[in-house]
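What follows is the content of structure_17.cif, which has mmCIF, C-alpha atoms (C1' of nucleotides):
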```
data_my_file
loop_
_atom_site.group_PDB
_atom_site.id
_atom_site.type_symbol
_atom_site.label_atom_id
_atom_site.label_comp_id
_atom_site.auth_asym_id
_atom_site.auth_seq_id
_atom_site.Cartn_x
_atom_site.Cartn_y
_atom_site.Cartn_z
ATOM 1 C CA MET A 11 0.000 0.000 0.000
ATOM 2 C CA THR A 12 2.963 2.284 -0.406
ATOM 3 C CA GLU A 13 1.903 3.453 -3.863
ATOM 4 C CA PRO A 14 5.114 5.043 -5.113
ATOM 5 C CA ARG A 15 3.320 7.112 -7.736
ATOM 6 C CA VAL A 16 1.304 8.953 -5.101
ATOM 7 C CA ASP A 17 4.536 9.527 -3.209
ATOM 8 C CA ALA A 18 6.125 11.187 -6.199
ATOM 9 C CA VAL A 19 3.101 13.333 -7.027
ATOM 10 C CA PHE A 20 2.631 14.675 -3.503
ATOM 11 C CA GLY A 21 6.368 15.113 -3.184
ATOM 12 C CA ALA A 22 6.571 17.035 -6.421
ATOM 13 C CA LEU A 23 3.685 19.303 -5.471
ATOM 14 C CA ALA A 24 5.183 20.012 -2.051
ATOM 15 C CA ASP A 25 7.646 22.528 -3.484
ATOM 16 C CA PRO A 26 6.348 26.037 -4.277
ATOM 17 C CA ASN A 27 8.664 26.489 -7.251
ATOM 18 C CA ARG A 28 7.513 23.180 -8.656
ATOM 19 C CA ARG A 29 3.867 24.158 -8.181
ATOM 20 C CA TYR A 30 4.614 27.418 -9.966
ATOM 21 C CA LEU A 31 6.072 25.490 -12.871
ATOM 22 C CA VAL A 32 2.915 23.415 -13.118
ATOM 23 C CA GLU A 33 0.766 26.536 -13.064
ATOM 24 C CA ALA A 34 2.970 28.191 -15.674
ATOM 25 C CA LEU A 35 2.785 25.149 -17.934
ATOM 26 C CA ALA A 36 -0.966 24.991 -17.461
ATOM 27 C CA ALA A 37 -1.168 28.576 -18.704
ATOM 28 C CA ARG A 38 1.326 28.298 -21.565
ATOM 29 C CA GLU A 39 0.713 24.729 -22.709
ATOM 30 C CA THR A 40 4.424 24.365 -23.575
ATOM 31 C CA ALA A 41 7.692 25.992 -22.524
ATOM 32 C CA THR A 42 11.447 25.449 -22.201
ATOM 33 C CA ALA A 43 13.521 25.362 -19.044
ATOM 34 C CA THR A 44 15.246 28.668 -19.784
ATOM 35 C CA GLU A 45 11.941 30.394 -20.458
ATOM 36 C CA LEU A 46 10.510 29.213 -17.147
ATOM 37 C CA ALA A 47 13.721 30.049 -15.313
ATOM 38 C CA SER A 48 13.344 33.703 -16.318
ATOM 39 C CA GLU A 49 10.220 33.924 -14.150
ATOM 40 C CA LEU A 50 11.745 32.353 -11.066
ATOM 41 C CA PRO A 51 14.509 33.510 -8.719
ATOM 42 C CA VAL A 52 16.545 30.389 -9.407
ATOM 43 C CA THR A 53 18.955 29.118 -12.032
ATOM 44 C CA ARG A 54 18.055 27.397 -15.251
ATOM 45 C CA GLN A 55 19.644 24.209 -13.940
ATOM 46 C CA ALA A 56 17.508 24.317 -10.828
ATOM 47 C CA VAL A 57 14.395 24.599 -12.994
ATOM 48 C CA SER A 58 15.691 21.740 -15.100
ATOM 49 C CA LYS A 59 16.002 19.570 -11.998
ATOM 50 C CA HIS A 60 12.505 20.517 -10.900
ATOM 51 C CA LEU A 61 11.122 19.614 -14.306
ATOM 52 C CA ALA A 62 12.911 16.284 -14.032
ATOM 53 C CA ALA A 63 11.212 15.693 -10.673
ATOM 54 C CA LEU A 64 7.844 16.560 -12.175
ATOM 55 C CA GLY A 65 8.650 14.164 -14.987
ATOM 56 C CA GLU A 66 9.409 11.369 -12.508
ATOM 57 C CA ALA A 67 6.041 12.008 -10.927
ATOM 58 C CA GLY A 68 4.375 11.698 -14.319
ATOM 59 C CA LEU A 69 3.099 15.255 -14.271
ATOM 60 C CA VAL A 70 5.221 16.534 -17.148
ATOM 61 C CA GLU A 71 6.723 15.165 -20.326
ATOM 62 C CA SER A 72 9.488 16.571 -22.507
ATOM 63 C CA ALA A 73 10.299 16.535 -26.202
ATOM 64 C CA ARG A 74 13.443 17.860 -27.816
ATOM 65 C CA VAL A 75 12.842 20.135 -30.787
ATOM 66 C CA GLY A 76 16.020 21.233 -32.472
ATOM 67 C CA ARG A 77 18.330 22.625 -29.836
ATOM 68 C CA GLU A 78 15.655 23.206 -27.258
ATOM 69 C CA THR A 79 13.559 20.843 -25.154
ATOM 70 C CA ARG A 80 9.950 21.794 -24.659
ATOM 71 C CA TYR A 81 7.945 20.636 -21.644
ATOM 72 C CA ARG A 82 4.245 19.879 -21.571
ATOM 73 C CA LEU A 83 1.851 18.846 -18.824
ATOM 74 C CA THR A 84 0.611 15.256 -18.668
ATOM 75 C CA PRO A 85 -2.945 14.525 -17.573
ATOM 76 C CA GLY A 86 -3.724 11.657 -15.257
ATOM 77 C CA ALA A 87 -0.976 11.672 -12.673
ATOM 78 C CA LEU A 88 -2.826 14.234 -10.604
ATOM 79 C CA GLY A 89 -5.650 11.729 -10.485
ATOM 80 C CA ASP A 90 -3.553 9.349 -8.390
ATOM 81 C CA ALA A 91 -3.131 11.908 -5.651
ATOM 82 C CA LEU A 92 -6.741 12.966 -5.976
ATOM 83 C CA GLY A 93 -7.755 9.336 -5.730
ATOM 84 C CA TRP A 94 -5.972 8.950 -2.432
ATOM 85 C CA MET A 95 -7.608 12.066 -0.993
ATOM 86 C CA GLU A 96 -10.933 10.873 -2.281
ATOM 87 C CA ARG A 97 -10.584 7.422 -0.778
ATOM 88 C CA VAL A 98 -9.289 8.454 2.622
ATOM 89 C CA GLY A 99 -10.707 11.914 3.018
ATOM 90 C CA ALA A 100 -14.274 10.880 2.359
ATOM 91 C CA ARG A 101 -14.444 9.301 5.792
ATOM 92 C CA TRP A 102 -14.360 12.494 7.765
ATOM 93 C CA ASP A 103 -14.898 15.343 5.337
ATOM 94 C CA ASP A 104 -18.321 15.452 3.764
ATOM 95 C CA ARG A 105 -17.191 17.786 1.022
ATOM 96 C CA LEU A 106 -14.883 15.002 -0.065
ATOM 97 C CA ALA A 107 -17.733 12.552 0.372
ATOM 98 C CA ARG A 108 -19.920 14.523 -2.015
ATOM 99 C CA LEU A 109 -17.052 14.513 -4.472
ATOM 100 C CA ARG A 110 -16.693 10.767 -4.247
ATOM 101 C CA ARG A 111 -20.370 10.240 -4.900
ATOM 102 C CA HIS A 112 -20.330 12.575 -7.898
ATOM 103 C CA LEU A 113 -17.382 10.851 -9.537
ATOM 104 C CA GLY A 114 -18.808 7.451 -8.838
ATOM 105 C CA GLY A 115 -15.678 6.120 -7.099
ATOM 106 C CA MET B 177 1.190 33.003 -4.166
ATOM 107 C CA THR B 178 3.404 30.681 -2.195
ATOM 108 C CA GLU B 179 0.527 29.486 0.011
ATOM 109 C CA PRO B 180 2.430 27.923 2.899
ATOM 110 C CA ARG B 181 -0.543 25.832 3.995
ATOM 111 C CA VAL B 182 -0.624 23.986 0.682
ATOM 112 C CA ASP B 183 3.108 23.446 1.036
ATOM 113 C CA ALA B 184 2.659 21.777 4.392
ATOM 114 C CA VAL B 185 -0.263 19.609 3.302
ATOM 115 C CA PHE B 186 1.419 18.281 0.169
ATOM 116 C CA GLY B 187 4.653 17.881 2.080
ATOM 117 C CA ALA B 188 2.928 15.936 4.837
ATOM 118 C CA LEU B 189 1.154 13.653 2.389
ATOM 119 C CA ALA B 190 4.371 12.967 0.498
ATOM 120 C CA ASP B 191 5.541 10.456 3.090
ATOM 121 C CA PRO B 192 4.049 6.933 2.996
ATOM 122 C CA ASN B 193 4.202 6.488 6.765
ATOM 123 C CA ARG B 194 2.451 9.796 7.223
ATOM 124 C CA ARG B 195 -0.245 8.777 4.745
ATOM 125 C CA TYR B 196 -0.658 5.535 6.649
ATOM 126 C CA LEU B 197 -1.152 7.496 9.862
ATOM 127 C CA VAL B 198 -3.896 9.529 8.221
ATOM 128 C CA GLU B 199 -5.596 6.380 6.977
ATOM 129 C CA ALA B 200 -5.292 4.769 10.397
ATOM 130 C CA LEU B 201 -6.759 7.804 12.109
ATOM 131 C CA ALA B 202 -9.556 7.928 9.557
ATOM 132 C CA ALA B 203 -10.417 4.353 10.504
ATOM 133 C CA ARG B 204 -10.044 4.666 14.272
ATOM 134 C CA GLU B 205 -11.216 8.233 14.817
ATOM 135 C CA THR B 206 -8.684 8.662 17.652
ATOM 136 C CA ALA B 207 -5.382 7.072 18.670
ATOM 137 C CA THR B 208 -2.139 7.636 20.564
ATOM 138 C CA ALA B 209 1.381 7.750 19.186
ATOM 139 C CA THR B 210 2.379 4.457 20.809
ATOM 140 C CA GLU B 211 -0.706 2.701 19.483
ATOM 141 C CA LEU B 212 0.020 3.856 15.957
ATOM 142 C CA ALA B 213 3.709 3.039 16.305
ATOM 143 C CA SER B 214 2.822 -0.599 16.944
ATOM 144 C CA GLU B 215 1.503 -0.884 13.383
ATOM 145 C CA LEU B 216 4.500 0.678 11.715
ATOM 146 C CA PRO B 217 8.113 -0.495 11.384
ATOM 147 C CA VAL B 218 9.381 2.660 13.074
ATOM 148 C CA THR B 219 9.849 3.978 16.585
ATOM 149 C CA ARG B 220 7.256 5.731 18.693
ATOM 150 C CA GLN B 221 9.320 8.918 18.485
ATOM 151 C CA ALA B 222 9.362 8.749 14.710
ATOM 152 C CA VAL B 223 5.574 8.466 14.718
ATOM 153 C CA SER B 224 5.425 11.352 17.151
ATOM 154 C CA LYS B 225 7.443 13.508 14.765
ATOM 155 C CA HIS B 226 5.199 12.514 11.875
ATOM 156 C CA LEU B 227 2.117 13.425 13.873
ATOM 157 C CA ALA B 228 3.714 16.774 14.647
ATOM 158 C CA ALA B 229 4.250 17.332 10.928
ATOM 159 C CA LEU B 230 0.631 16.431 10.231
ATOM 160 C CA GLY B 231 -0.348 18.852 12.968
ATOM 161 C CA GLU B 232 1.692 21.643 11.365
ATOM 162 C CA ALA B 233 -0.153 20.966 8.145
ATOM 163 C CA GLY B 234 -3.479 21.270 9.943
ATOM 164 C CA LEU B 235 -4.459 17.693 9.189
ATOM 165 C CA VAL B 236 -4.390 16.467 12.760
ATOM 166 C CA GLU B 237 -5.001 17.866 16.230
ATOM 167 C CA SER B 238 -3.963 16.507 19.611
ATOM 168 C CA ALA B 239 -5.413 16.593 23.105
ATOM 169 C CA ARG B 240 -3.724 15.321 26.227
ATOM 170 C CA VAL B 241 -5.912 13.064 28.357
ATOM 171 C CA GLY B 242 -4.254 11.996 31.562
ATOM 172 C CA ARG B 243 -0.843 10.611 30.747
ATOM 173 C CA GLU B 244 -1.599 9.971 27.105
ATOM 174 C CA THR B 245 -2.124 12.305 24.140
ATOM 175 C CA ARG B 246 -4.788 11.291 21.711
ATOM 176 C CA TYR B 247 -4.713 12.409 18.069
ATOM 177 C CA ARG B 248 -7.698 13.106 15.869
ATOM 178 C CA LEU B 249 -8.075 14.106 12.222
ATOM 179 C CA THR B 250 -9.041 17.656 11.351
ATOM 180 C CA PRO B 251 -11.317 18.330 8.399
ATOM 181 C CA GLY B 252 -10.641 21.183 6.046
ATOM 182 C CA ALA B 253 -6.898 21.203 5.527
ATOM 183 C CA LEU B 254 -7.162 18.616 2.782
ATOM 184 C CA GLY B 255 -9.418 21.094 1.036
ATOM 185 C CA ASP B 256 -6.514 23.493 0.539
ATOM 186 C CA ALA B 257 -4.563 20.942 -1.434
ATOM 187 C CA LEU B 258 -7.670 19.834 -3.251
ATOM 188 C CA GLY B 259 -8.401 23.463 -4.062
ATOM 189 C CA TRP B 260 -5.028 23.882 -5.683
ATOM 190 C CA MET B 261 -5.484 20.760 -7.807
ATOM 191 C CA GLU B 262 -8.946 21.868 -8.703
ATOM 192 C CA ARG B 263 -7.834 25.350 -9.719
ATOM 193 C CA VAL B 264 -4.779 24.350 -11.721
ATOM 194 C CA GLY B 265 -5.657 20.864 -12.847
ATOM 195 C CA ALA B 266 -8.974 21.818 -14.361
ATOM 196 C CA ARG B 267 -7.153 23.447 -17.257
ATOM 197 C CA TRP B 268 -5.891 20.274 -18.799
ATOM 198 C CA ASP B 269 -7.677 17.390 -17.147
ATOM 199 C CA ASP B 270 -11.360 17.155 -17.882
ATOM 200 C CA ARG B 271 -11.969 14.796 -14.998
ATOM 201 C CA LEU B 272 -10.829 17.611 -12.745
ATOM 202 C CA ALA B 273 -12.960 19.987 -14.763
ATOM 203 C CA ARG B 274 -16.055 17.885 -14.115
ATOM 204 C CA LEU B 275 -15.171 17.900 -10.471
ATOM 205 C CA ARG B 276 -14.907 21.666 -10.397
ATOM 206 C CA ARG B 277 -18.293 22.047 -12.018
ATOM 207 C CA HIS B 278 -19.910 19.668 -9.541
ATOM 208 C CA LEU B 279 -18.543 21.445 -6.525
ATOM 209 C CA GLY B 280 -19.450 24.841 -7.939
ATOM 210 C CA GLY B 281 -15.934 26.320 -7.628
ATOM 211 C "C1'" DT C 17 33.779 28.206 -40.681
ATOM 212 C "C1'" DA C 18 33.233 30.989 -36.610
ATOM 213 C "C1'" DG C 19 30.284 32.564 -33.082
ATOM 214 C "C1'" DA C 20 26.215 32.476 -30.274
ATOM 215 C "C1'" DT C 21 22.512 29.610 -27.947
ATOM 216 C "C1'" DT C 22 20.519 25.932 -25.439
ATOM 217 C "C1'" DT C 23 21.092 22.108 -23.297
ATOM 218 C "C1'" DG C 24 22.947 18.273 -20.244
ATOM 219 C "C1'" DC C 25 26.262 16.496 -17.007
ATOM 220 C "C1'" DA C 26 29.049 16.557 -12.886
ATOM 221 C "C1'" DA C 27 30.857 18.320 -8.719
ATOM 222 C "C1'" DC C 28 29.991 20.607 -4.765
ATOM 223 C "C1'" DC C 29 27.582 22.774 -0.695
ATOM 224 C "C1'" DA C 30 24.338 23.708 3.106
ATOM 225 C "C1'" DT C 31 20.279 22.365 4.866
ATOM 226 C "C1'" DC C 32 16.375 19.454 5.670
ATOM 227 C "C1'" DC C 33 14.414 14.936 6.703
ATOM 228 C "C1'" DG C 34 13.364 10.375 8.458
ATOM 229 C "C1'" DG C 35 15.054 7.706 11.753
ATOM 230 C "C1'" DT C 36 17.484 6.295 15.905
ATOM 231 C "C1'" DT C 37 18.975 6.267 21.024
ATOM 232 C "C1'" DG C 38 19.045 8.058 25.692
ATOM 233 C "C1'" DC C 39 16.963 10.336 29.353
ATOM 234 C "C1'" DA C 40 14.051 13.075 32.324
ATOM 235 C "C1'" DC C 41 9.296 14.139 33.730
ATOM 236 C "C1'" DG C 42 4.325 13.763 34.710
ATOM 237 C "C1'" DA C 43 0.532 10.384 35.533
ATOM 238 C "C1'" DT C 44 -1.228 5.606 37.180
ATOM 239 C "C1'" DA C 45 -1.325 1.652 39.511
ATOM 240 C "C1'" DT C 46 0.175 -1.478 43.477
ATOM 241 C "C1'" DA D 244 6.246 5.227 48.421
ATOM 242 C "C1'" DT D 245 7.625 2.854 44.513
ATOM 243 C "C1'" DA D 246 7.455 0.889 40.237
ATOM 244 C "C1'" DT D 247 5.546 1.413 35.707
ATOM 245 C "C1'" DC D 248 3.723 3.548 31.664
ATOM 246 C "C1'" DG D 249 3.323 7.223 28.061
ATOM 247 C "C1'" DT D 250 5.258 11.284 26.665
ATOM 248 C "C1'" DG D 251 8.464 15.013 25.258
ATOM 249 C "C1'" DC D 252 13.038 16.785 24.509
ATOM 250 C "C1'" DA D 253 17.709 16.711 22.720
ATOM 251 C "C1'" DA D 254 21.575 14.885 20.360
ATOM 252 C "C1'" DC D 255 23.086 12.476 16.689
ATOM 253 C "C1'" DC D 256 23.454 10.111 11.943
ATOM 254 C "C1'" DG D 257 23.154 9.083 6.945
ATOM 255 C "C1'" DG D 258 20.943 10.199 2.935
ATOM 256 C "C1'" DA D 259 17.956 13.077 0.169
ATOM 257 C "C1'" DT D 260 17.048 17.848 -1.527
ATOM 258 C "C1'" DG D 261 17.312 22.476 -3.408
ATOM 259 C "C1'" DG D 262 20.544 25.232 -4.942
ATOM 260 C "C1'" DT D 263 24.914 26.756 -7.074
ATOM 261 C "C1'" DT D 264 29.012 26.910 -10.549
ATOM 262 C "C1'" DG D 265 31.773 25.234 -14.381
ATOM 263 C "C1'" DC D 266 32.192 23.024 -18.633
ATOM 264 C "C1'" DA D 267 31.545 20.177 -22.827
ATOM 265 C "C1'" DA D 268 28.471 19.020 -26.570
ATOM 266 C "C1'" DA D 269 24.897 19.868 -29.856
ATOM 267 C "C1'" DT D 270 22.320 23.016 -32.719
ATOM 268 C "C1'" DC D 271 21.217 27.310 -35.103
ATOM 269 C "C1'" DT D 272 22.869 31.782 -37.366
ATOM 270 C "C1'" DA D 273 26.036 35.064 -39.782
#
```
Could you render the structure from this file as structure tokens?
Amino acid sequence: MTEPRVDAVFGALADPNRRYLVEALAARETATATELASELPVTRQAVSKHLAALGEAGLVESARVGRETRYRLTPGALGDALGWMERVGARWDDRLARLRRHLGG
Amino acid sequence: MTEPRVDAVFGALADPNRRYLVEALAARETATATELASELPVTRQAVSKHLAALGEAGLVESARVGRETRYRLTPGALGDALGWMERVGARWDDRLARLRRHLGG
DNA sequence: TAGATTTGCAACCATCCGGTTGCACGATAT
DNA sequence: ATATCGTGCAACCGGATGGTTGCAAATCTA
């Protein structure tokens, strides 16, 4: 019951910079590491590492185009984390319970 | 936009032992650190630290009764994390979008 | 071909994190 | 009064983490 995927997703989302990257990618649809680094107070390499972590978690995928690598969000991985919240949270939070009923879990 | 509460919640949920504690508390409604430690391959002090982390995140609250401290789940904090997923995830995951519509975000 | 860009890789650093052990203190039970 | 139980606090340890710098390689552009 350790569910390593959930681990990675929650872990990835625990960092504010990483969450910002996800938000930025959700807005832009696609971007490179250097582009994203220009909006954060950290180095391009740091952003690159963060994107790698998001990739490990299955939240982001990358594709090299010419000399640059463009990153895009991946649907589905968030669902793992949501699924956990849904399953456990429903027991004591009725808002979550409503959610579970609506989705037909 | 750093939202420290979301940080703490995602961070807390990133650890498998911590997630187990939440599940256990959801099942039992209330428990002590030593009780919970008996179901995990770690020390009572480790569990105590984890419960402290969950407390910081607002997921758990404690009350001392006699010589023992009993822990209970707190509703609401999960909603912060869920809110973030809802807000950001809805852009590219239609399952999340359905969810948002149902809850009337 | 020469120069500028964009990336990836590796080393390095300080700090955080999960875990342990040891011990002292308040509360119960005998 | 004494032994026991449950807790909290502090020190310590190894490994992960977020961040940096430096550099070599690949890909445009002039």
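Counting all atoms listed in the file, every residue of chain D that comes within 12 Å of chain A is listed here: DT260, DG261, DG262, DT263, DT264, DA268, DA269, DT270 and DC271 of chain D.
Residues captured in this structure file are B:Thr178, B:Asp183, B:Phe186, B:Gly187, B:Leu189, B:Ala190, B:Asp191, B:Pro192, B:Glu199, B:Ala202, B:Pro251, B:Val264, B:Arg267, B:Trp268, B:Asp269, according to the PyMOL selection byres ((chain B) within 7 of (chain A)).
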Sel. within 7 Å of pt (27.2, 36.0, -35.5), counting all atoms listed in the file, output as a count of residues only: 4
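Across B:Arg181, B:Arg248, B:Arg194, B:Arg204, the tightest approach to Leu230 of chain B is made by B:Arg194 when counting only C-alpha atoms.
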Env of Leu61 of chain A: 8 Å cut, atoms = only C-alpha atoms (C1' of nucleotides), seq-sep filter 4 positions within chain, self excluded. Answer as a PyMOL selection string. chain A and resi 28+31+43+57+65+70
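Between atom CA of Arg80 of chain A and atom C1' of DC25 of chain C lies a distance of 18.8 Å.
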Would you mind completing segment 19-33 of chain A so that it carries N, CA and C atoms, and writing it out as a compact mmCIF listing (two decimals), in the coordinates of the input?
```txt
# COMPACT_ATOMS: atom_id res chain seq x y z
N VAL A 19 3.97 12.21 -6.70
CA VAL A 19 3.10 13.33 -7.03
C VAL A 19 3.02 14.31 -5.86
N PHE A 20 2.70 13.79 -4.67
CA PHE A 20 2.63 14.68 -3.50
C PHE A 20 3.98 15.33 -3.26
N GLY A 21 5.03 14.56 -3.39
CA GLY A 21 6.37 15.11 -3.18
C GLY A 21 6.68 16.23 -4.15
N ALA A 22 6.31 16.02 -5.40
CA ALA A 22 6.57 17.04 -6.42
C ALA A 22 5.80 18.31 -6.11
N LEU A 23 4.55 18.15 -5.72
CA LEU A 23 3.68 19.30 -5.47
C LEU A 23 3.99 20.00 -4.15
N ALA A 24 4.87 19.41 -3.35
CA ALA A 24 5.18 20.01 -2.05
C ALA A 24 6.06 21.25 -2.18
N ASP A 25 6.74 21.39 -3.30
CA ASP A 25 7.65 22.53 -3.48
C ASP A 25 6.96 23.67 -4.22
N PRO A 26 7.02 24.89 -3.67
CA PRO A 26 6.35 26.04 -4.28
C PRO A 26 6.84 26.34 -5.69
N ASN A 27 8.15 26.25 -5.91
CA ASN A 27 8.66 26.49 -7.25
C ASN A 27 8.11 25.48 -8.24
N ARG A 28 8.03 24.22 -7.79
CA ARG A 28 7.51 23.18 -8.66
C ARG A 28 6.04 23.44 -8.95
N ARG A 29 5.29 23.84 -7.94
CA ARG A 29 3.87 24.16 -8.18
C ARG A 29 3.75 25.31 -9.16
N TYR A 30 4.66 26.30 -9.02
CA TYR A 30 4.61 27.42 -9.97
C TYR A 30 4.85 26.93 -11.38
N LEU A 31 5.79 26.03 -11.54
CA LEU A 31 6.07 25.49 -12.87
C LEU A 31 4.83 24.83 -13.46
N VAL A 32 4.13 24.07 -12.63
CA VAL A 32 2.92 23.42 -13.12
C VAL A 32 1.89 24.45 -13.54
N GLU A 33 1.72 25.49 -12.71
CA GLU A 33 0.77 26.54 -13.06
C GLU A 33 1.18 27.23 -14.36
```
